[in-house]
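Novice: Got a file for you: input_21.pdb, PDB, C-alpha atoms.
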```pdb
ATOM      1  CA  MET A 149       0.000   0.000   0.000  1.00  0.00           C
ATOM      2  CA  GLY A 150       1.460   3.330  -1.050  1.00  0.00           C
ATOM      3  CA  PHE A 151       1.577   6.747   0.556  1.00  0.00           C
ATOM      4  CA  LEU A 152      -1.251   8.036  -1.656  1.00  0.00           C
ATOM      5  CA  ASP A 153      -3.457   5.119  -0.611  1.00  0.00           C
ATOM      6  CA  ILE A 154      -2.916   6.026   3.045  1.00  0.00           C
ATOM      7  CA  LEU A 155      -3.721   9.707   2.418  1.00  0.00           C
ATOM      8  CA  LEU A 156      -6.895   8.851   0.511  1.00  0.00           C
ATOM      9  CA  GLY A 157      -8.016   6.313   3.106  1.00  0.00           C
ATOM     10  CA  ARG A 158      -7.933   3.321   0.797  1.00  0.00           C
ATOM     11  CA  ASP A 159      -7.597  -0.057   2.418  1.00  0.00           C
ATOM     12  CA  LYS A 160      -5.244  -2.743   1.305  1.00  0.00           C
ATOM     13  CA  PRO A 161      -7.317  -5.546  -0.226  1.00  0.00           C
ATOM     14  CA  VAL A 162      -7.689  -8.583   2.011  1.00  0.00           C
ATOM     15  CA  ARG A 163      -6.482 -11.820   0.475  1.00  0.00           C
ATOM     16  CA  PRO A 164      -9.027 -14.598   0.719  1.00  0.00           C
ATOM     17  CA  ASP A 165      -8.160 -17.211   3.322  1.00  0.00           C
ATOM     18  CA  LEU A 166     -10.143 -20.295   2.397  1.00  0.00           C
ATOM     19  CA  ASP A 167      -8.868 -22.078   5.498  1.00  0.00           C
ATOM     20  CA  GLN A 168     -11.264 -19.843   7.461  1.00  0.00           C
ATOM     21  CA  LEU A 169     -13.996 -22.208   6.225  1.00  0.00           C
ATOM     22  CA  PHE A 170     -12.651 -24.863   8.592  1.00  0.00           C
ATOM     23  CA  GLY A 171     -13.939 -22.777  11.529  1.00  0.00           C
ATOM     24  CA  LEU A 172     -17.514 -23.617  10.513  1.00  0.00           C
ATOM     25  CA  PRO A 173     -17.785 -26.975  12.365  1.00  0.00           C
ATOM     26  CA  SER A 174     -16.951 -25.356  15.714  1.00  0.00           C
ATOM     27  CA  ALA A 175     -19.244 -22.420  14.876  1.00  0.00           C
ATOM     28  CA  ALA A 176     -22.036 -24.935  14.195  1.00  0.00           C
ATOM     29  CA  ILE A 177     -21.638 -26.395  17.689  1.00  0.00           C
ATOM     30  CA  THR A 178     -21.670 -22.898  19.189  1.00  0.00           C
ATOM     31  CA  LEU A 179     -24.695 -21.936  17.106  1.00  0.00           C
ATOM     32  CA  GLN A 180     -26.645 -24.996  18.225  1.00  0.00           C
ATOM     33  CA  ALA A 181     -25.842 -24.386  21.895  1.00  0.00           C
ATOM     34  CA  ALA A 182     -26.458 -20.621  21.793  1.00  0.00           C
ATOM     35  CA  ALA A 183     -29.463 -20.342  19.479  1.00  0.00           C
ATOM     36  CA  GLY A 184     -30.781 -23.835  18.680  1.00  0.00           C
ATOM     37  CA  PHE A 185     -29.837 -23.808  14.982  1.00  0.00           C
ATOM     38  CA  THR A 186     -28.579 -27.061  13.444  1.00  0.00           C
ATOM     39  CA  PRO A 187     -26.902 -27.652  10.062  1.00  0.00           C
ATOM     40  CA  THR A 188     -29.139 -28.769   7.193  1.00  0.00           C
ATOM     41  CA  GLY A 189     -26.299 -30.541   5.391  1.00  0.00           C
ATOM     42  CA  SER A 190     -26.518 -28.047   2.531  1.00  0.00           C
ATOM     43  CA  GLY A 191     -23.783 -25.663   1.460  1.00  0.00           C
ATOM     44  CA  SER A 192     -22.943 -23.792  -1.705  1.00  0.00           C
ATOM     45  CA  VAL A 193     -20.408 -21.696  -3.545  1.00  0.00           C
ATOM     46  CA  CYS A 194     -21.620 -18.644  -5.479  1.00  0.00           C
ATOM     47  CA  PHE A 195     -19.755 -16.991  -8.316  1.00  0.00           C
ATOM     48  CA  ALA A 196     -20.335 -14.675 -11.232  1.00  0.00           C
ATOM     49  CA  SER A 197     -21.324 -16.686 -14.251  1.00  0.00           C
ATOM     50  CA  VAL A 198     -18.475 -17.946 -16.339  1.00  0.00           C
ATOM     51  CA  GLU A 199     -18.765 -19.374 -19.823  1.00  0.00           C
ATOM     52  CA  GLY A 200     -16.348 -21.401 -21.845  1.00  0.00           C
ATOM     53  CA  GLY A 201     -14.542 -24.682 -22.051  1.00  0.00           C
ATOM     54  CA  ALA A 202     -11.980 -23.925 -19.346  1.00  0.00           C
ATOM     55  CA  PHE A 203     -14.682 -23.350 -16.745  1.00  0.00           C
ATOM     56  CA  ASP A 204     -16.686 -26.376 -17.905  1.00  0.00           C
ATOM     57  CA  ALA A 205     -13.593 -28.550 -17.450  1.00  0.00           C
ATOM     58  CA  VAL A 206     -13.010 -27.279 -13.899  1.00  0.00           C
ATOM     59  CA  ARG A 207     -16.686 -27.728 -13.003  1.00  0.00           C
ATOM     60  CA  ASP A 208     -16.697 -31.257 -14.410  1.00  0.00           C
ATOM     61  CA  ASP A 209     -13.490 -32.125 -12.513  1.00  0.00           C
ATOM     62  CA  VAL A 210     -14.982 -30.836  -9.263  1.00  0.00           C
ATOM     63  CA  LYS A 211     -18.243 -32.731  -9.834  1.00  0.00           C
ATOM     64  CA  GLN A 212     -16.309 -35.910 -10.586  1.00  0.00           C
ATOM     65  CA  LEU A 213     -14.192 -35.486  -7.464  1.00  0.00           C
ATOM     66  CA  LEU A 214     -17.043 -34.621  -5.100  1.00  0.00           C
ATOM     67  CA  GLY A 215     -20.011 -36.298  -6.749  1.00  0.00           C
ATOM     68  CA  ASP A 216     -23.125 -34.807  -5.146  1.00  0.00           C
ATOM     69  CA  LEU A 217     -22.815 -31.294  -6.571  1.00  0.00           C
ATOM     70  CA  THR A 218     -25.592 -29.602  -8.480  1.00  0.00           C
ATOM     71  CA  GLN A 219     -25.393 -26.361 -10.397  1.00  0.00           C
ATOM     72  CA  THR A 220     -28.124 -23.739 -10.398  1.00  0.00           C
ATOM     73  CA  ARG A 221     -28.487 -20.109 -11.416  1.00  0.00           C
ATOM     74  CA  ASP A 222     -30.390 -17.593  -9.293  1.00  0.00           C
ATOM     75  CA  ALA A 223     -32.697 -14.763 -10.372  1.00  0.00           C
ATOM     76  CA  TYR A 224     -29.741 -12.339 -10.332  1.00  0.00           C
ATOM     77  CA  GLY A 225     -27.713 -14.400 -12.815  1.00  0.00           C
ATOM     78  CA  TYR A 226     -25.199 -15.812 -10.308  1.00  0.00           C
ATOM     79  CA  THR A 227     -24.215 -19.458 -10.480  1.00  0.00           C
ATOM     80  CA  TRP A 228     -24.295 -21.693  -7.403  1.00  0.00           C
ATOM     81  CA  LEU A 229     -22.571 -25.038  -6.992  1.00  0.00           C
ATOM     82  CA  VAL A 230     -24.548 -26.782  -4.262  1.00  0.00           C
ATOM     83  CA  GLY A 231     -23.378 -29.671  -2.117  1.00  0.00           C
ATOM     84  CA  CYS A 232     -25.533 -31.758   0.173  1.00  0.00           C
ATOM     85  CA  GLY A 233     -24.439 -34.142   2.864  1.00  0.00           C
ATOM     86  CA  ALA A 234     -25.444 -35.523   6.199  1.00  0.00           C
ATOM     87  CA  PRO A 235     -26.576 -32.748   8.561  1.00  0.00           C
ATOM     88  CA  ASP A 236     -24.425 -34.206  11.335  1.00  0.00           C
ATOM     89  CA  ASP A 237     -21.259 -34.203   9.170  1.00  0.00           C
ATOM     90  CA  ILE A 238     -20.600 -30.523   8.567  1.00  0.00           C
ATOM     91  CA  GLY A 239     -16.863 -31.244   8.448  1.00  0.00           C
ATOM     92  CA  SER A 240     -17.207 -33.147   5.164  1.00  0.00           C
ATOM     93  CA  LEU A 241     -19.429 -30.426   3.711  1.00  0.00           C
ATOM     94  CA  VAL A 242     -16.879 -27.747   4.613  1.00  0.00           C
ATOM     95  CA  THR A 243     -14.084 -29.831   3.069  1.00  0.00           C
ATOM     96  CA  ASP A 244     -16.129 -30.086  -0.144  1.00  0.00           C
ATOM     97  CA  LEU A 245     -16.802 -26.320  -0.206  1.00  0.00           C
ATOM     98  CA  HIS A 246     -13.106 -25.663   0.354  1.00  0.00           C
ATOM     99  CA  ALA A 247     -12.245 -28.006  -2.544  1.00  0.00           C
ATOM    100  CA  VAL A 248     -14.692 -26.233  -4.890  1.00  0.00           C
ATOM    101  CA  ASN A 249     -13.341 -22.785  -3.976  1.00  0.00           C
ATOM    102  CA  SER A 250      -9.729 -23.975  -4.265  1.00  0.00           C
ATOM    103  CA  ALA A 251     -10.328 -25.584  -7.665  1.00  0.00           C
ATOM    104  CA  LEU A 252     -11.975 -22.446  -9.047  1.00  0.00           C
ATOM    105  CA  GLU A 253      -9.304 -20.190  -7.558  1.00  0.00           C
ATOM    106  CA  GLY A 254      -6.465 -22.432  -8.749  1.00  0.00           C
ATOM    107  CA  SER A 255      -7.845 -22.406 -12.280  1.00  0.00           C
ATOM    108  CA  GLY A 256      -7.868 -18.614 -12.470  1.00  0.00           C
ATOM    109  CA  PHE A 257     -11.529 -18.065 -11.601  1.00  0.00           C
ATOM    110  CA  GLY A 258     -10.835 -16.480  -8.176  1.00  0.00           C
ATOM    111  CA  PRO A 259     -12.053 -13.026  -9.276  1.00  0.00           C
ATOM    112  CA  GLN A 260     -15.479 -14.511 -10.074  1.00  0.00           C
ATOM    113  CA  LEU A 261     -15.911 -16.102  -6.618  1.00  0.00           C
ATOM    114  CA  LEU A 262     -18.409 -14.189  -4.470  1.00  0.00           C
ATOM    115  CA  CYS A 263     -19.316 -16.205  -1.404  1.00  0.00           C
ATOM    116  CA  SER A 264     -19.851 -19.613   0.133  1.00  0.00           C
ATOM    117  CA  LEU A 265     -22.573 -20.463   2.595  1.00  0.00           C
ATOM    118  CA  VAL A 266     -23.670 -23.206   4.936  1.00  0.00           C
ATOM    119  CA  ALA A 267     -27.369 -23.452   5.784  1.00  0.00           C
ATOM    120  CA  PHE A 268     -28.907 -24.009   9.230  1.00  0.00           C
ATOM    121  CA  HIS A 269     -32.462 -24.415  10.475  1.00  0.00           C
ATOM    122  CA  HIS A 270     -34.345 -24.119  13.740  1.00  0.00           C
ATOM    123  CA  ASP A 271     -37.190 -26.330  14.947  1.00  0.00           C
ATOM    124  CA  ASP A 272     -39.511 -23.295  14.843  1.00  0.00           C
ATOM    125  CA  GLY A 273     -39.113 -22.992  11.034  1.00  0.00           C
ATOM    126  CA  ARG A 274     -36.496 -20.256  10.855  1.00  0.00           C
ATOM    127  CA  SER A 275     -33.527 -20.640   8.530  1.00  0.00           C
ATOM    128  CA  LEU A 276     -30.087 -19.115   8.658  1.00  0.00           C
ATOM    129  CA  ALA A 277     -26.889 -19.140   6.637  1.00  0.00           C
ATOM    130  CA  LEU A 278     -23.343 -18.422   7.646  1.00  0.00           C
ATOM    131  CA  VAL A 279     -21.925 -16.679   4.597  1.00  0.00           C
ATOM    132  CA  TYR A 280     -18.213 -16.473   3.777  1.00  0.00           C
ATOM    133  CA  LEU A 281     -17.309 -13.403   1.719  1.00  0.00           C
ATOM    134  CA  TYR A 282     -14.533 -14.595  -0.543  1.00  0.00           C
ATOM    135  CA  LYS A 283     -13.055 -11.163  -1.294  1.00  0.00           C
ATOM    136  CA  ARG A 284     -13.122 -10.051   2.373  1.00  0.00           C
ATOM    137  CA  GLY A 285     -12.080 -13.283   4.094  1.00  0.00           C
ATOM    138  CA  THR A 286     -14.892 -12.824   6.626  1.00  0.00           C
ATOM    139  CA  PHE A 287     -18.248 -14.327   7.595  1.00  0.00           C
ATOM    140  CA  TYR A 288     -21.657 -12.903   8.372  1.00  0.00           C
ATOM    141  CA  PRO A 289     -25.043 -14.426   9.199  1.00  0.00           C
ATOM    142  CA  PHE A 290     -28.033 -14.097   6.887  1.00  0.00           C
ATOM    143  CA  ALA A 291     -31.470 -14.796   8.380  1.00  0.00           C
ATOM    144  CA  PRO A 292     -34.489 -14.390   6.096  1.00  0.00           C
ATOM    145  CA  VAL A 293     -37.835 -13.947   7.836  1.00  0.00           C
ATOM    146  CA  PRO A 294     -39.918 -17.107   7.211  1.00  0.00           C
ATOM    147  CA  GLY A 295     -42.724 -16.647   4.696  1.00  0.00           C
ATOM    148  CA  THR A 296     -41.243 -13.497   3.144  1.00  0.00           C
ATOM    149  CA  HIS A 297     -39.040 -12.947   0.121  1.00  0.00           C
ATOM    150  CA  ASP A 298     -37.350  -9.693   1.065  1.00  0.00           C
ATOM    151  CA  LYS A 299     -37.255  -9.306   4.853  1.00  0.00           C
ATOM    152  CA  ARG A 300     -34.368 -10.151   7.153  1.00  0.00           C
ATOM    153  CA  ASP A 301     -34.316 -10.897  10.867  1.00  0.00           C
ATOM    154  CA  SER A 302     -31.623  -8.354  11.746  1.00  0.00           C
ATOM    155  CA  ALA A 303     -31.868  -9.021  15.477  1.00  0.00           C
ATOM    156  CA  LEU A 304     -31.161 -12.717  14.916  1.00  0.00           C
ATOM    157  CA  GLU A 305     -28.259 -11.884  12.614  1.00  0.00           C
ATOM    158  CA  LEU A 306     -26.679  -9.707  15.317  1.00  0.00           C
ATOM    159  CA  GLU A 307     -27.300 -12.386  17.962  1.00  0.00           C
ATOM    160  CA  VAL A 308     -25.674 -15.051  15.793  1.00  0.00           C
ATOM    161  CA  SER A 309     -22.683 -12.854  14.922  1.00  0.00           C
ATOM    162  CA  ALA A 310     -22.029 -12.286  18.633  1.00  0.00           C
ATOM    163  CA  ALA A 311     -22.360 -16.020  19.341  1.00  0.00           C
ATOM    164  CA  VAL A 312     -19.902 -17.200  16.660  1.00  0.00           C
ATOM    165  CA  ARG A 313     -17.397 -14.335  16.942  1.00  0.00           C
ATOM    166  CA  ASP A 314     -14.885 -16.564  18.754  1.00  0.00           C
ATOM    167  CA  ASP A 315     -15.166 -19.284  16.096  1.00  0.00           C
ATOM    168  CA  LEU A 316     -15.202 -17.231  12.891  1.00  0.00           C
ATOM    169  CA  ARG A 317     -13.768 -13.972  11.584  1.00  0.00           C
ATOM    170  CA  VAL A 318     -17.039 -11.972  11.493  1.00  0.00           C
ATOM    171  CA  GLU A 319     -17.347  -9.062   9.036  1.00  0.00           C
ATOM    172  CA  LYS A 320     -17.354  -5.848  11.094  1.00  0.00           C
ATOM    173  CA  ASP A 321     -18.802  -3.637   8.363  1.00  0.00           C
ATOM    174  CA  LEU A 322     -22.546  -4.352   8.521  1.00  0.00           C
ATOM    175  CA  SER A 323     -23.057  -2.738   5.113  1.00  0.00           C
ATOM    176  CA  ARG A 324     -21.199  -5.762   3.689  1.00  0.00           C
ATOM    177  CA  TRP A 325     -23.798  -8.184   5.095  1.00  0.00           C
ATOM    178  CA  PHE A 326     -25.478  -8.617   1.726  1.00  0.00           C
ATOM    179  CA  PRO A 327     -28.743 -10.529   1.505  1.00  0.00           C
ATOM    180  CA  VAL A 328     -28.515 -13.749  -0.461  1.00  0.00           C
ATOM    181  CA  TRP A 329     -32.155 -13.996  -1.511  1.00  0.00           C
ATOM    182  CA  GLY A 330     -32.951 -17.234  -3.261  1.00  0.00           C
ATOM    183  CA  ALA A 331     -29.747 -18.929  -2.197  1.00  0.00           C
ATOM    184  CA  PRO A 332     -30.100 -22.685  -2.654  1.00  0.00           C
ATOM    185  CA  GLY A 333     -30.597 -24.619   0.552  1.00  0.00           C
ATOM    186  CA  LEU A 334     -32.136 -21.776   2.555  1.00  0.00           C
TER     187      LEU A 334
END
```
Once you've parsed the file, please lay out its structure as structure tokens.

Specialist:
Amino acid sequence: MGFLDILLGRDKPVRPDLDQLFGLPSAAITLQAAAGFTPTGSGSVCFASVEGGAFDAVRDDVKQLLGDLTQTRDAYGYTWLVGCGAPDDIGSLVTDLHAVNSALEGSGFGPQLLCSLVAFHHDDGRSLALVYLYKRGTFYPFAPVPGTHDKRDSALELEVSAAVRDDLRVEKDLSRWFPVWGAPGL
């Protein structure tokens, strides 16, 4: 970072640290104890759509390696690679998400990576995701209000962020807690 960057208040970009994903299993235990949310077994990686043979080859390699991956596109045009596993084996799910991110990053598609998420649910019908922001190297909770398509439970999100703060690097800038409406698995 140069002198001009300091004067103008620009931050040095944070390098993604995919190993932060491995904090999710301990965060899941904390989340269950603190708020009653349990993993659904669903997780996904979101990225800006990429076309072409090089991407198709990487996607096919990842699907062959991991097996149970599906690809979907949301209403905003983003592509999601979705993995499903046993709800009580979040460690395997996180390993799969890490492998997908690493394969895309290693093949030059890192700039297209947006986020990864792991879905949770509560017995009362609420859902929640812990979202990893690839470009920030941080997590934040996303809690849609059940039965709505555009309302968030901000109080729950703040409660969850306080609960998992010791397990995960939580994004401090709340304006970066983007809603992930229509995310698969939520």

Novice: Enter the distance from CA of Arg317 (chain A) to CA of Phe287 (chain A), in Å, rounded to one decimal.

Specialist: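 Taking CA of Arg317 (chain A) as the start and CA of Phe287 (chain A) as the end point, the length is 6.0 Å.
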
Novice: Could you tell me which residues the PyMOL selection byres ((chain A and resi 282) around 10) grabs in this file, written as a short mmCIF file (atom, residue, chain, number, x, y, z; two decimals) with C-alpha atoms, in the coordinates of the input?

Specialist:
```
data_model
loop_
_atom_site.label_atom_id
_atom_site.label_comp_id
_atom_site.auth_asym_id
_atom_site.auth_seq_id
_atom_site.Cartn_x
_atom_site.Cartn_y
_atom_site.Cartn_z
CA VAL A 162 -7.69 -8.58 2.01
CA ARG A 163 -6.48 -11.82 0.48
CA PRO A 164 -9.03 -14.60 0.72
CA ASP A 165 -8.16 -17.21 3.32
CA LEU A 166 -10.14 -20.30 2.40
CA VAL A 193 -20.41 -21.70 -3.54
CA CYS A 194 -21.62 -18.64 -5.48
CA PHE A 195 -19.76 -16.99 -8.32
CA ASN A 249 -13.34 -22.78 -3.98
CA GLY A 258 -10.84 -16.48 -8.18
CA PRO A 259 -12.05 -13.03 -9.28
CA GLN A 260 -15.48 -14.51 -10.07
CA LEU A 261 -15.91 -16.10 -6.62
CA LEU A 262 -18.41 -14.19 -4.47
CA CYS A 263 -19.32 -16.20 -1.40
CA SER A 264 -19.85 -19.61 0.13
CA VAL A 279 -21.92 -16.68 4.60
CA TYR A 280 -18.21 -16.47 3.78
CA LEU A 281 -17.31 -13.40 1.72
CA LYS A 283 -13.06 -11.16 -1.29
CA ARG A 284 -13.12 -10.05 2.37
CA GLY A 285 -12.08 -13.28 4.09
CA THR A 286 -14.89 -12.82 6.63
CA PHE A 287 -18.25 -14.33 7.60
#
```

Novice: Can you pull out every residue within 10 Å of Pro332 (chain A), counting all atoms listed in the file, but drop anything in the same chain fewer than 6 positions away, and send it as a PyMOL selection string?

Specialist: chain A and resi 190-194+219-222+228-231+265-267

Novice: Give me the residues within 9 Å of Ala247 (chain A) as a PyMOL selection string, counting all atoms listed in the file and dropping any in the same chain fewer than 5 places off.

Specialist: chain A and resi 210+214+242+252

Novice: Between CA of Asp216 (chain A) and CA of Gly201 (chain A), what is the spacing in Å?

Specialist: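 Interatomic distance, CA of Gly201 (chain A) to CA of Asp216 (chain A): 21.5 Å.
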
Novice: Show me, as a list of chain:residue names, the residues that have an atom within 8 Å of Val312 (chain A) when counting all atoms listed in the file, minus same-chain residues fewer than 6 positions from it.

Specialist: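 Counting only the stated atoms, we get A:Ala175, A:Thr178, A:Leu179, A:Val318.
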
Novice: Create the file for the chosen residues now, containing C-alpha atoms and written as a PDB file, in the frame of the given file.

Specialist:
```pdb
ATOM      1  CA  ALA A 175     -19.244 -22.420  14.876  1.00  0.00           C
ATOM      2  CA  THR A 178     -21.670 -22.898  19.189  1.00  0.00           C
ATOM      3  CA  LEU A 179     -24.695 -21.936  17.106  1.00  0.00           C
ATOM      4  CA  VAL A 318     -17.039 -11.972  11.493  1.00  0.00           C
TER       5      VAL A 318
END
```

Novice: Which residue is closest to Ser174 (chain A)? Choose from A:Cys232, A:Ala311, A:Leu306, A:Val293 and count all atoms listed in the file.

Specialist: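 Distance minimum relative to Ser174 (chain A) lands on A:Ala311.
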